[in-house]
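Structure data (PDB, C-alpha atoms) from data.pdb:
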ATOM      1  CA  MET L   1     157.990  37.925 174.820
ATOM      2  CA  LYS L   2     157.595  37.203 171.115
ATOM      3  CA  LEU L   3     154.844  38.989 169.231
ATOM      4  CA  LYS L   4     151.901  36.921 167.957
ATOM      5  CA  THR L   5     152.243  37.149 164.199
ATOM      6  CA  TRP L   6     149.793  36.035 161.541
ATOM      7  CA  VAL L   7     151.455  35.097 158.246
ATOM      8  CA  LEU L   8     148.528  35.186 155.852
ATOM      9  CA  SER L   9     149.994  33.667 152.694
ATOM     10  CA  PRO L  10     149.213  29.983 152.078
ATOM     11  CA  GLN L  11     152.103  27.605 151.416
ATOM     12  CA  SER L  12     151.870  27.885 147.635
ATOM     13  CA  ARG L  13     152.396  31.650 147.686
ATOM     14  CA  LEU L  14     154.748  31.579 150.647
ATOM     15  CA  ASP L  15     157.221  29.519 148.632
ATOM     16  CA  GLU L  16     157.401  32.368 146.125
ATOM     17  CA  VAL L  17     157.936  35.297 148.500
ATOM     18  CA  CYS L  18     159.551  33.799 151.606
ATOM     19  CA  SER L  19     162.960  32.099 151.630
ATOM     20  CA  GLU L  20     164.021  29.451 154.142
ATOM     21  CA  ALA L  21     166.160  32.087 155.846
ATOM     22  CA  CYS L  22     163.090  34.318 156.110
ATOM     23  CA  ARG L  23     161.025  31.545 157.711
ATOM     24  CA  ALA L  24     163.800  30.916 160.213
ATOM     25  CA  ARG L  25     163.920  34.638 161.028
ATOM     26  CA  ILE L  26     160.159  34.790 161.575
ATOM     27  CA  ASN L  27     160.304  31.754 163.865
ATOM     28  CA  GLU L  28     163.233  33.264 165.736
ATOM     29  CA  TYR L  29     161.832  36.718 166.381
ATOM     30  CA  PHE L  30     158.045  36.235 166.371
ATOM     31  CA  GLU L  31     155.439  33.741 167.487
ATOM     32  CA  PRO L  32     154.064  32.950 164.041
ATOM     33  CA  VAL L  33     150.757  31.449 163.065
ATOM     34  CA  TRP L  34     151.207  30.040 159.565
ATOM     35  CA  ASN L  35     148.324  29.733 157.132
ATOM     36  CA  GLU L  36     147.765  25.994 156.788
ATOM     37  CA  THR L  37     144.417  26.140 155.013
ATOM     38  CA  GLY L  38     146.022  25.685 151.576
ATOM     39  CA  ARG L  39     144.316  28.852 150.309
ATOM     40  CA  ASP L  40     144.002  32.537 151.096
ATOM     41  CA  TYR L  41     141.975  33.464 154.144
ATOM     42  CA  THR L  42     138.604  35.062 153.579
ATOM     43  CA  GLN L  43     137.928  38.442 155.164
ATOM     44  CA  GLU L  44     135.602  36.732 157.620
ATOM     45  CA  GLU L  45     138.340  34.322 158.698
ATOM     46  CA  LEU L  46     140.820  37.150 159.169
ATOM     47  CA  SER L  47     138.257  39.149 161.123
ATOM     48  CA  GLU L  48     137.828  36.189 163.501
ATOM     49  CA  ARG L  49     141.585  36.007 164.140
ATOM     50  CA  ILE L  50     142.664  39.633 164.133
ATOM     51  CA  ALA L  51     141.935  40.406 167.788
ATOM     52  CA  GLU L  52     144.981  38.400 168.897
ATOM     53  CA  ALA L  53     147.321  39.613 166.166
ATOM     54  CA  GLU L  54     150.221  41.857 167.130
ATOM     55  CA  VAL L  55     151.870  41.665 163.690
ATOM     56  CA  ILE L  56     150.312  40.708 160.353
ATOM     57  CA  ILE L  57     152.413  39.737 157.344
ATOM     58  CA  THR L  58     150.638  39.693 153.982
ATOM     59  CA  SER L  59     151.320  39.311 150.281
ATOM     60  CA  TRP L  60     149.381  39.032 147.024
ATOM     61  CA  GLY L  61     145.994  37.412 147.532
ATOM     62  CA  SER L  62     145.729  38.259 151.214
ATOM     63  CA  PRO L  63     142.397  39.695 152.363
ATOM     64  CA  SER L  64     142.325  43.431 152.967
ATOM     65  CA  LEU L  65     141.901  44.899 156.424
ATOM     66  CA  THR L  66     138.747  46.914 157.000
ATOM     67  CA  ASP L  67     137.904  49.660 159.486
ATOM     68  CA  GLU L  68     135.755  47.123 161.345
ATOM     69  CA  MET L  69     138.716  44.750 161.633
ATOM     70  CA  LEU L  70     140.920  47.520 162.959
ATOM     71  CA  GLU L  71     138.406  48.166 165.739
ATOM     72  CA  LYS L  72     138.989  44.583 166.873
ATOM     73  CA  ALA L  73     142.760  44.687 166.350
ATOM     74  CA  VAL L  74     143.573  46.360 169.667
ATOM     75  CA  LYS L  75     146.937  44.568 169.951
ATOM     76  CA  LEU L  76     148.071  45.223 166.389
ATOM     77  CA  ARG L  77     151.429  46.979 166.116
ATOM     78  CA  ALA L  78     152.574  46.378 162.548
ATOM     79  CA  VAL L  79     151.387  45.218 159.124
ATOM     80  CA  GLY L  80     154.016  44.146 156.599
ATOM     81  CA  HIS L  81     153.066  43.630 152.965
ATOM     82  CA  ALA L  82     155.404  41.351 150.997
ATOM     83  CA  ALA L  83     154.223  42.887 147.722
ATOM     84  CA  GLY L  84     153.642  46.361 146.292
ATOM     85  CA  THR L  85     151.016  48.963 147.093
ATOM     86  CA  VAL L  86     149.210  48.830 150.432
ATOM     87  CA  LYS L  87     146.351  51.096 149.368
ATOM     88  CA  ASN L  88     144.027  48.176 148.668
ATOM     89  CA  LEU L  89     145.252  46.285 151.729
ATOM     90  CA  VAL L  90     144.731  48.677 154.636
ATOM     91  CA  PRO L  91     142.460  51.685 155.189
ATOM     92  CA  LYS L  92     144.054  55.077 155.802
ATOM     93  CA  GLN L  93     142.596  54.976 159.307
ATOM     94  CA  ILE L  94     145.326  52.511 160.280
ATOM     95  CA  PHE L  95     147.808  55.363 160.777
ATOM     96  CA  ALA L  96     145.539  57.115 163.294
ATOM     97  CA  GLN L  97     145.524  53.868 165.274
ATOM     98  CA  GLY L  98     149.303  54.007 165.540
ATOM     99  CA  VAL L  99     149.917  50.813 163.542
ATOM    100  CA  LYS L 100     153.154  50.762 161.539
ATOM    101  CA  VAL L 101     152.742  49.805 157.879
ATOM    102  CA  TYR L 102     155.492  48.360 155.679
ATOM    103  CA  SER L 103     155.544  47.640 151.949
ATOM    104  CA  ALA L 104     158.107  45.767 149.855
ATOM    105  CA  ALA L 105     157.441  48.097 146.909
ATOM    106  CA  PRO L 106     160.985  49.561 147.027
ATOM    107  CA  ARG L 107     162.422  46.060 146.557
ATOM    108  CA  ILE L 108     160.121  45.466 143.596
ATOM    109  CA  ALA L 109     161.406  48.766 142.191
ATOM    110  CA  LEU L 110     164.825  47.206 141.666
ATOM    111  CA  SER L 111     163.289  44.517 139.455
ATOM    112  CA  VAL L 112     161.357  47.154 137.510
ATOM    113  CA  GLY L 113     164.514  49.216 137.058
ATOM    114  CA  GLU L 114     166.302  46.211 135.567
ATOM    115  CA  TYR L 115     163.348  45.591 133.241
ATOM    116  CA  CYS L 116     163.488  49.186 132.028
ATOM    117  CA  LEU L 117     167.203  48.949 131.324
ATOM    118  CA  ALA L 118     166.760  45.653 129.460
ATOM    119  CA  ALA L 119     163.828  47.005 127.451
ATOM    120  CA  LEU L 120     165.727  50.175 126.621
ATOM    121  CA  LEU L 121     168.874  48.443 125.396
ATOM    122  CA  THR L 122     166.799  45.927 123.418
ATOM    123  CA  SER L 123     164.864  48.749 121.788
ATOM    124  CA  LEU L 124     167.848  50.945 121.013
ATOM    125  CA  ARG L 125     169.626  48.098 119.234
ATOM    126  CA  HIS L 126     166.477  46.956 117.354
ATOM    127  CA  LEU L 127     166.909  43.418 118.670
ATOM    128  CA  THR L 128     163.261  42.482 118.199
ATOM    129  CA  GLU L 129     163.352  43.486 114.521
ATOM    130  CA  PHE L 130     166.617  41.638 113.881
ATOM    131  CA  HIS L 131     165.293  38.599 115.736
ATOM    132  CA  THR L 132     162.157  38.508 113.553
ATOM    133  CA  THR L 133     164.232  38.927 110.397
ATOM    134  CA  MET L 134     166.501  36.041 111.361
ATOM    135  CA  ARG L 135     163.510  33.847 112.239
ATOM    136  CA  ASP L 136     162.146  34.533 108.761
ATOM    137  CA  GLY L 137     165.342  33.152 107.216
ATOM    138  CA  LYS L 138     166.732  36.554 106.247
ATOM    139  CA  TRP L 139     169.906  38.346 107.267
ATOM    140  CA  LYS L 140     170.500  42.062 107.875
ATOM    141  CA  ILE L 141     167.915  44.811 107.459
ATOM    142  CA  ALA L 142     169.221  47.357 104.979
ATOM    143  CA  GLY L 143     169.837  50.733 106.545
ATOM    144  CA  LEU L 144     168.854  49.716 110.061
ATOM    145  CA  LYS L 145     171.431  50.429 112.755
ATOM    146  CA  GLY L 146     171.120  50.439 116.499
ATOM    147  CA  ARG L 147     171.898  53.393 118.744
ATOM    148  CA  GLU L 148     174.030  53.533 121.879
ATOM    149  CA  LEU L 149     172.675  54.487 125.263
ATOM    150  CA  THR L 150     175.931  56.073 126.426
ATOM    151  CA  GLY L 151     175.711  59.868 126.491
ATOM    152  CA  SER L 152     171.998  59.942 125.608
ATOM    153  CA  THR L 153     169.334  62.124 127.194
ATOM    154  CA  VAL L 154     166.691  60.205 129.146
ATOM    155  CA  GLY L 155     163.382  61.750 130.189
ATOM    156  CA  ILE L 156     161.758  60.344 133.331
ATOM    157  CA  ILE L 157     158.125  60.889 134.293
ATOM    158  CA  SER L 158     157.688  60.772 138.097
ATOM    159  CA  ALA L 159     160.435  60.363 140.679
ATOM    160  CA  SER L 160     158.906  57.185 142.092
ATOM    161  CA  SER L 161     160.900  54.322 143.603
ATOM    162  CA  THR L 162     161.019  52.535 140.232
ATOM    163  CA  ALA L 163     162.346  55.693 138.550
ATOM    164  CA  ARG L 164     165.058  56.021 141.186
ATOM    165  CA  ALA L 165     166.096  52.400 140.704
ATOM    166  CA  PHE L 166     166.248  52.918 136.933
ATOM    167  CA  ILE L 167     168.287  56.114 137.277
ATOM    168  CA  LYS L 168     170.861  54.297 139.423
ATOM    169  CA  LEU L 169     171.231  51.614 136.760
ATOM    170  CA  LEU L 170     171.686  54.288 134.090
ATOM    171  CA  ALA L 171     174.650  55.871 135.881
ATOM    172  CA  PRO L 172     177.432  53.884 134.108
ATOM    173  CA  PHE L 173     176.094  55.064 130.748
ATOM    174  CA  GLN L 174     176.789  58.730 131.551
ATOM    175  CA  VAL L 175     173.326  59.800 130.437
ATOM    176  CA  ASN L 176     171.693  63.181 130.958
ATOM    177  CA  VAL L 177     168.528  62.675 132.992
ATOM    178  CA  LEU L 178     165.584  65.077 132.836
ATOM    179  CA  ILE L 179     162.844  64.347 135.323
ATOM    180  CA  TYR L 180     159.283  65.602 135.637
ATOM    181  CA  ASP L 181     157.669  65.375 139.052
ATOM    182  CA  PRO L 182     155.631  68.239 140.550
ATOM    183  CA  TYR L 183     156.668  67.175 144.069
ATOM    184  CA  LEU L 184     160.411  67.052 143.350
ATOM    185  CA  SER L 185     162.632  69.988 144.276
ATOM    186  CA  GLU L 186     165.707  71.099 142.350
ATOM    187  CA  ASP L 187     167.936  69.894 145.197
ATOM    188  CA  ALA L 188     166.212  66.500 145.324
ATOM    189  CA  ALA L 189     166.604  66.129 141.557
ATOM    190  CA  ALA L 190     170.293  67.011 141.842
ATOM    191  CA  ARG L 191     170.738  64.273 144.450
ATOM    192  CA  LEU L 192     169.405  61.870 141.839
ATOM    193  CA  ASN L 193     171.956  63.205 139.342
ATOM    194  CA  ALA L 194     169.035  64.557 137.345
ATOM    195  CA  LYS L 195     167.615  67.921 136.339
ATOM    196  CA  ARG L 196     164.028  69.004 136.894
ATOM    197  CA  ALA L 197     162.080  69.556 133.696
ATOM    198  CA  THR L 198     158.577  70.258 132.485
ATOM    199  CA  LEU L 199     156.455  67.432 131.170
ATOM    200  CA  GLU L 200     156.764  68.933 127.693
ATOM    201  CA  GLU L 201     160.563  68.887 127.938
ATOM    202  CA  VAL L 202     160.580  65.257 129.016
ATOM    203  CA  MET L 203     158.235  64.273 126.172
ATOM    204  CA  ASN L 204     160.711  65.808 123.724
ATOM    205  CA  CYS L 205     163.514  63.498 124.880
ATOM    206  CA  PRO L 206     164.838  60.716 122.607
ATOM    207  CA  ILE L 207     164.260  58.240 125.454
ATOM    208  CA  ILE L 208     161.181  58.507 127.682
ATOM    209  CA  SER L 209     160.362  56.256 130.637
ATOM    210  CA  VAL L 210     157.062  56.490 132.522
ATOM    211  CA  HIS L 211     157.033  55.748 136.278
ATOM    212  CA  ALA L 212     153.919  57.606 137.430
ATOM    213  CA  PRO L 213     151.512  55.963 139.905
ATOM    214  CA  LYS L 214     147.852  55.481 139.098
ATOM    215  CA  LEU L 215     146.094  58.386 140.778
ATOM    216  CA  PRO L 216     143.159  60.628 139.806
ATOM    217  CA  ALA L 217     145.708  63.333 138.950
ATOM    218  CA  THR L 218     147.704  61.048 136.648
ATOM    219  CA  GLU L 219     144.847  59.428 134.720
ATOM    220  CA  ARG L 220     145.517  60.098 131.014
ATOM    221  CA  MET L 221     148.082  62.721 131.982
ATOM    222  CA  LEU L 222     149.906  61.910 128.743
ATOM    223  CA  THR L 223     147.417  63.557 126.421
ATOM    224  CA  ARG L 224     147.218  63.532 122.653
ATOM    225  CA  GLU L 225     149.113  66.836 122.552
ATOM    226  CA  LEU L 226     151.927  65.527 124.747
ATOM    227  CA  LEU L 227     152.207  62.221 122.880
ATOM    228  CA  ALA L 228     152.589  64.164 119.631
ATOM    229  CA  LEU L 229     155.805  65.627 121.080
ATOM    230  CA  ILE L 230     157.577  62.262 121.137
ATOM    231  CA  PRO L 231     160.470  62.643 118.652
ATOM    232  CA  ASP L 232     160.768  60.442 115.595
ATOM    233  CA  GLY L 233     163.048  57.501 116.362
ATOM    234  CA  ALA L 234     162.503  57.811 120.121
ATOM    235  CA  VAL L 235     162.110  54.950 122.589
ATOM    236  CA  PHE L 236     159.092  55.169 124.915
ATOM    237  CA  ILE L 237     158.866  52.825 127.927
ATOM    238  CA  ASN L 238     155.881  52.384 130.222
ATOM    239  CA  SER L 239     156.322  50.099 133.217
ATOM    240  CA  SER L 240     154.000  51.994 135.561
ATOM    241  CA  ARG L 241     150.285  51.966 134.755
ATOM    242  CA  GLY L 242     148.394  51.886 131.461
ATOM    243  CA  PRO L 243     145.755  54.511 132.326
ATOM    244  CA  VAL L 244     148.473  57.163 132.668
ATOM    245  CA  VAL L 245     148.432  57.312 128.850
ATOM    246  CA  ASP L 246     145.566  58.308 126.559
ATOM    247  CA  GLU L 247     145.412  54.890 124.899
ATOM    248  CA  GLN L 248     143.528  55.859 121.756
ATOM    249  CA  ALA L 249     145.861  58.767 120.983
ATOM    250  CA  PHE L 250     148.865  56.605 121.825
ATOM    251  CA  MET L 251     147.722  53.873 119.419
ATOM    252  CA  GLU L 252     147.434  56.427 116.629
ATOM    253  CA  GLU L 253     150.974  57.636 117.288
ATOM    254  CA  LEU L 254     152.328  54.086 117.441
ATOM    255  CA  GLN L 255     150.601  53.077 114.223
ATOM    256  CA  SER L 256     152.536  55.789 112.439
ATOM    257  CA  GLY L 257     155.654  53.721 113.152
ATOM    258  CA  ARG L 258     157.703  56.829 113.885
ATOM    259  CA  PHE L 259     158.993  55.687 117.302
ATOM    260  CA  PHE L 260     159.476  52.457 119.294
ATOM    261  CA  ALA L 261     157.679  51.529 122.509
ATOM    262  CA  ALA L 262     158.323  48.934 125.203
ATOM    263  CA  LEU L 263     155.107  48.376 127.126
ATOM    264  CA  ASP L 264     154.535  46.252 130.220
ATOM    265  CA  VAL L 265     151.213  47.785 131.295
ATOM    266  CA  PHE L 266     147.927  48.504 129.566
ATOM    267  CA  GLU L 267     144.653  50.279 130.235
ATOM    268  CA  LYS L 268     142.797  46.973 130.457
ATOM    269  CA  GLU L 269     144.601  43.842 131.578
ATOM    270  CA  PRO L 270     144.986  41.141 130.445
ATOM    271  CA  LEU L 271     145.449  42.693 127.022
ATOM    272  CA  ALA L 272     142.661  41.639 124.650
ATOM    273  CA  VAL L 273     143.625  38.898 122.214
ATOM    274  CA  ASP L 274     142.524  41.017 119.264
ATOM    275  CA  HIS L 275     144.038  44.298 120.492
ATOM    276  CA  PRO L 276     145.665  45.987 117.467
ATOM    277  CA  ILE L 277     148.815  46.768 119.419
ATOM    278  CA  ARG L 278     149.748  43.075 119.284
ATOM    279  CA  SER L 279     150.484  43.325 115.579
ATOM    280  CA  LEU L 280     152.636  46.460 115.587
ATOM    281  CA  PRO L 281     156.299  45.768 114.702
ATOM    282  CA  ASN L 282     157.554  48.814 116.595
ATOM    283  CA  VAL L 283     156.323  47.659 119.995
ATOM    284  CA  LEU L 284     157.937  45.320 122.530
ATOM    285  CA  LEU L 285     155.169  43.794 124.653
ATOM    286  CA  SER L 286     155.322  42.084 128.039
ATOM    287  CA  PRO L 287     152.425  41.012 130.336
ATOM    288  CA  HIS L 288     152.902  43.250 133.409
ATOM    289  CA  ILE L 289     155.978  41.361 134.594
ATOM    290  CA  ALA L 290     158.489  44.204 135.035
ATOM    291  CA  GLY L 291     158.492  43.706 138.796
ATOM    292  CA  ALA L 292     158.572  39.914 138.649
ATOM    293  CA  SER L 293     161.864  38.109 139.085
ATOM    294  CA  VAL L 294     162.833  34.951 140.966
ATOM    295  CA  GLN L 295     165.276  36.714 143.289
ATOM    296  CA  GLY L 296     163.106  39.794 143.669
ATOM    297  CA  HIS L 297     159.982  37.918 144.735
ATOM    298  CA  LEU L 298     161.869  35.619 147.077
ATOM    299  CA  ALA L 299     163.326  38.638 148.879
ATOM    300  CA  LEU L 300     160.004  40.396 149.486
ATOM    301  CA  MET L 301     158.927  38.937 152.814
ATOM    302  CA  GLU L 302     162.456  38.874 154.211
ATOM    303  CA  GLU L 303     162.940  42.571 153.454
ATOM    304  CA  VAL L 304     159.644  43.458 155.121
ATOM    305  CA  VAL L 305     160.276  41.256 158.150
ATOM    306  CA  GLU L 306     163.705  42.781 158.743
ATOM    307  CA  ASP L 307     162.199  46.261 158.477
ATOM    308  CA  ILE L 308     159.462  45.424 160.966
ATOM    309  CA  ILE L 309     162.174  44.277 163.377
ATOM    310  CA  ARG L 310     164.074  47.525 162.817
ATOM    311  CA  GLY L 311     160.899  49.495 163.512
ATOM    312  CA  LEU L 312     160.148  47.560 166.701
ATOM    313  CA  GLN L 313     163.686  48.285 167.849
ATOM    314  CA  GLU L 314     163.161  51.979 167.021
ATOM    315  CA  GLU L 315     165.843  51.906 164.343
ATOM    316  CA  LYS L 316     165.683  53.633 160.961
ATOM    317  CA  THR L 317     163.373  51.798 158.553
ATOM    318  CA  MET L 318     163.561  51.398 154.775
ATOM    319  CA  TYR L 319     160.112  50.166 153.774
ATOM    320  CA  GLU L 320     157.770  51.938 156.152
ATOM    321  CA  VAL L 321     154.765  53.736 154.653
ATOM    322  CA  ASN L 322     153.466  56.804 156.476
ATOM    323  CA  GLU L 323     150.300  58.854 156.111
ATOM    324  CA  LYS L 324     152.099  61.662 154.301
ATOM    325  CA  MET L 325     153.030  59.266 151.481
ATOM    326  CA  TRP L 326     149.482  58.003 151.060
ATOM    327  CA  GLU L 327     148.144  60.648 148.652
ATOM    328  CA  VAL L 328     150.954  60.387 146.118
ATOM    329  CA  MET L 329     151.838  56.707 146.136
ATOM    330  CA  ALA L 330     150.442  54.065 143.798
TER     331      ALA L 330
END

Show me the file's structure as structure tokens.
Amino acid sequence: MKLKTWVLSPQSRLDEVCSEACRARINEYFEPVWNETGRDYTQEELSERIAEAEVIITSWGSPSLTDEMLEKAVKLRAVGHAAGTVKNLVPKQIFAQGVKVYSAAPRIALSVGEYCLAALLTSLRHLTEFHTTMRDGKWKIAGLKGRELTGSTVGIISASSTARAFIKLLAPFQVNVLIYDPYLSEDAAARLNAKRATLEEVMNCPIISVHAPKLPATERMLTRELLALIPDGAVFINSSRGPVVDEQAFMEELQSGRFFAALDVFEKEPLAVDHPIRSLPNVLLSPHIAGASVQGHLALMEEVVEDIIRGLQEEKTMYEVNEKMWEVMA
């Protein structure tokens, strides 16, 4: 018998994260109840429906599940989130209830990895500066030459899924990867073709990419003293979370103009219109879109659905979140 499955996303959001093939798969394997309200459900509406749900499939905008809802959800076997973190979606208690939880975050990581590679190559070759010069009717910038990525040393902060995706994309460039992550062993680093390093060693690299999750332990982990270690001429990329960096100290370092930064995340978002970072020529800015791509978003629900099916068939899963991961994930 097919499992009663609530697909919470309204049509407008479903079109973004669920392909036609995914819809067909859901109809084939489950007994779906599609959201036909034209909007996201409220928590009250979900609470009224959750008692019959055996599987729940969510995405951005879906209401979060509460402990009270879980008490009603006696038939619930799996929750699949066609988006990133599940920490704001389900309470930790869900694991004690034996419900399987799945997140499409690893698929989003591929999109973030591609963003990091694009931002890095753009920064190394000074494309933003040359673009501005050409727009202003000028030609070359005297004395300004780009640098190659091949053979460089890249420092990675946190061995998260986005870092792993980025490292894979760096492989053809024969880079030396140093990685800081207090939970990563030497053997695990070696399997990533990287070498474990201290945070100070990583901050001394000519290329630095931040992939740390937002946790109490990572808030402003990049202090004034660590930011001062960034070498002149370096490229600094942050596609993780803004609060990982001491913003005031970082602004002072950036205003010196001694290194280049590509930033997709900020301490407060959206970034204020009058934020001084908007006017700095040595910064490439993007509005928290590193994980957003047409193909990436359209694959999210399909990836989660297939993993739920694997889990129900007691096969190895790729996107399952367990309680052990909870404390260290974003």

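Take the candidates L:Leu110, L:Ala292, L:Met301, L:Met325 and check each one against Ala21 in chain L using only C-alpha atoms; the shortest distance goes to L:Met301.
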
Worksheet entry | Pick from L:Ala171, L:Ala163, L:Leu144, L:Met69 nearest to Val112 in chain L, counting all atoms listed in the file | L:Ala163

Discussion item. Show me, as number ranges by chain, the residues that have an atom within 12 Å of Leu192 in chain L when counting all atoms listed in the file, minus same-chain residues fewer than 3 positions from it.
Written reply: L: 156, 159-161, 163-171, 176-179, 184-189, 195-196

Discussion item. To one decimal place in Å, what is the distance between CA of Lys87 in chain L and CA of Glu71 in chain L?
Written reply: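 Interatomic distance, CA of Lys87 in chain L to CA of Glu71 in chain L: 18.4 Å.
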
Around all the atoms of range 299-311 of chain L listed in the file, draw an axis-aligned box and extend it by 8 Å on each of the six sides; I want its centre and edge lengths in Å to one decimal, as lines of an AutoDock Vina configuration file.
center_x = 161.5
center_y = 44.1
center_z = 156.2
size_x = 21.1
size_y = 26.9
size_z = 30.6

Item to complete: Using all atoms listed in the file, find the one residue out of L:Ala212, L:Val175, L:Ile141, L:Leu120 that sits nearest to Leu199 in chain L.
Response: L:Ala212

Discussion item. If the PyMOL selection byres ((chain L and resi 226) around 10) were run on this exact file, what residues would it hold? Put them as a ChimeraX atom specification.
Written reply: /L:199-204,221-225,227-230,245-246,249-250

Worksheet entry | Residue contacts of Ala142 in chain L (12 Å, all atoms listed in the file) excluding same-chain residues fewer than 5 positions away, as a ChimeraX atom specification | /L:129-130,133

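Distance annotation: of L:Ser62, L:Asn27, L:Ser19, L:Asn282, the residue with the minimal separation from Gly296 in chain L is L:Ser19; atom set is all atoms listed in the file.
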
Quick one: apply the PyMOL selection byres ((chain L and resi 30-43) around 12) to the file and drop the selected residues here as a PDB file with C-alpha atoms, in the frame of the given file.
ATOM      1  CA  MET L   1     157.990  37.925 174.820  1.00  0.00           C
ATOM      2  CA  LYS L   2     157.595  37.203 171.115  1.00  0.00           C
ATOM      3  CA  LEU L   3     154.844  38.989 169.231  1.00  0.00           C
ATOM      4  CA  LYS L   4     151.901  36.921 167.957  1.00  0.00           C
ATOM      5  CA  THR L   5     152.243  37.149 164.199  1.00  0.00           C
ATOM      6  CA  TRP L   6     149.793  36.035 161.541  1.00  0.00           C
ATOM      7  CA  VAL L   7     151.455  35.097 158.246  1.00  0.00           C
ATOM      8  CA  LEU L   8     148.528  35.186 155.852  1.00  0.00           C
ATOM      9  CA  SER L   9     149.994  33.667 152.694  1.00  0.00           C
ATOM     10  CA  PRO L  10     149.213  29.983 152.078  1.00  0.00           C
ATOM     11  CA  GLN L  11     152.103  27.605 151.416  1.00  0.00           C
ATOM     12  CA  SER L  12     151.870  27.885 147.635  1.00  0.00           C
ATOM     13  CA  ARG L  13     152.396  31.650 147.686  1.00  0.00           C
ATOM     14  CA  LEU L  14     154.748  31.579 150.647  1.00  0.00           C
ATOM     15  CA  CYS L  22     163.090  34.318 156.110  1.00  0.00           C
ATOM     16  CA  ARG L  23     161.025  31.545 157.711  1.00  0.00           C
ATOM     17  CA  ALA L  24     163.800  30.916 160.213  1.00  0.00           C
ATOM     18  CA  ARG L  25     163.920  34.638 161.028  1.00  0.00           C
ATOM     19  CA  ILE L  26     160.159  34.790 161.575  1.00  0.00           C
ATOM     20  CA  ASN L  27     160.304  31.754 163.865  1.00  0.00           C
ATOM     21  CA  GLU L  28     163.233  33.264 165.736  1.00  0.00           C
ATOM     22  CA  TYR L  29     161.832  36.718 166.381  1.00  0.00           C
ATOM     23  CA  GLU L  44     135.602  36.732 157.620  1.00  0.00           C
ATOM     24  CA  GLU L  45     138.340  34.322 158.698  1.00  0.00           C
ATOM     25  CA  LEU L  46     140.820  37.150 159.169  1.00  0.00           C
ATOM     26  CA  SER L  47     138.257  39.149 161.123  1.00  0.00           C
ATOM     27  CA  GLU L  48     137.828  36.189 163.501  1.00  0.00           C
ATOM     28  CA  ARG L  49     141.585  36.007 164.140  1.00  0.00           C
ATOM     29  CA  ILE L  50     142.664  39.633 164.133  1.00  0.00           C
ATOM     30  CA  GLU L  52     144.981  38.400 168.897  1.00  0.00           C
ATOM     31  CA  ALA L  53     147.321  39.613 166.166  1.00  0.00           C
ATOM     32  CA  GLU L  54     150.221  41.857 167.130  1.00  0.00           C
ATOM     33  CA  VAL L  55     151.870  41.665 163.690  1.00  0.00           C
ATOM     34  CA  ILE L  56     150.312  40.708 160.353  1.00  0.00           C
ATOM     35  CA  ILE L  57     152.413  39.737 157.344  1.00  0.00           C
ATOM     36  CA  THR L  58     150.638  39.693 153.982  1.00  0.00           C
ATOM     37  CA  SER L  59     151.320  39.311 150.281  1.00  0.00           C
ATOM     38  CA  TRP L  60     149.381  39.032 147.024  1.00  0.00           C
ATOM     39  CA  GLY L  61     145.994  37.412 147.532  1.00  0.00           C
ATOM     40  CA  SER L  62     145.729  38.259 151.214  1.00  0.00           C
ATOM     41  CA  PRO L  63     142.397  39.695 152.363  1.00  0.00           C
ATOM     42  CA  SER L  64     142.325  43.431 152.967  1.00  0.00           C
ATOM     43  CA  LEU L  65     141.901  44.899 156.424  1.00  0.00           C
ATOM     44  CA  THR L  66     138.747  46.914 157.000  1.00  0.00           C
ATOM     45  CA  GLU L  68     135.755  47.123 161.345  1.00  0.00           C
ATOM     46  CA  MET L  69     138.716  44.750 161.633  1.00  0.00           C
ATOM     47  CA  LEU L  89     145.252  46.285 151.729  1.00  0.00           C
ATOM     48  CA  VAL L 305     160.276  41.256 158.150  1.00  0.00           C
ATOM     49  CA  GLU L 306     163.705  42.781 158.743  1.00  0.00           C
ATOM     50  CA  ILE L 308     159.462  45.424 160.966  1.00  0.00           C
ATOM     51  CA  ILE L 309     162.174  44.277 163.377  1.00  0.00           C
ATOM     52  CA  LEU L 312     160.148  47.560 166.701  1.00  0.00           C
TER      53      LEU L 312
END

Worksheet entry | Result set, the PyMOL selection byres ((chain L and resi 210) around 7) on current file, as an MDAnalysis selection string | chainID L and resid 156:157 208:209 211:212 237:240
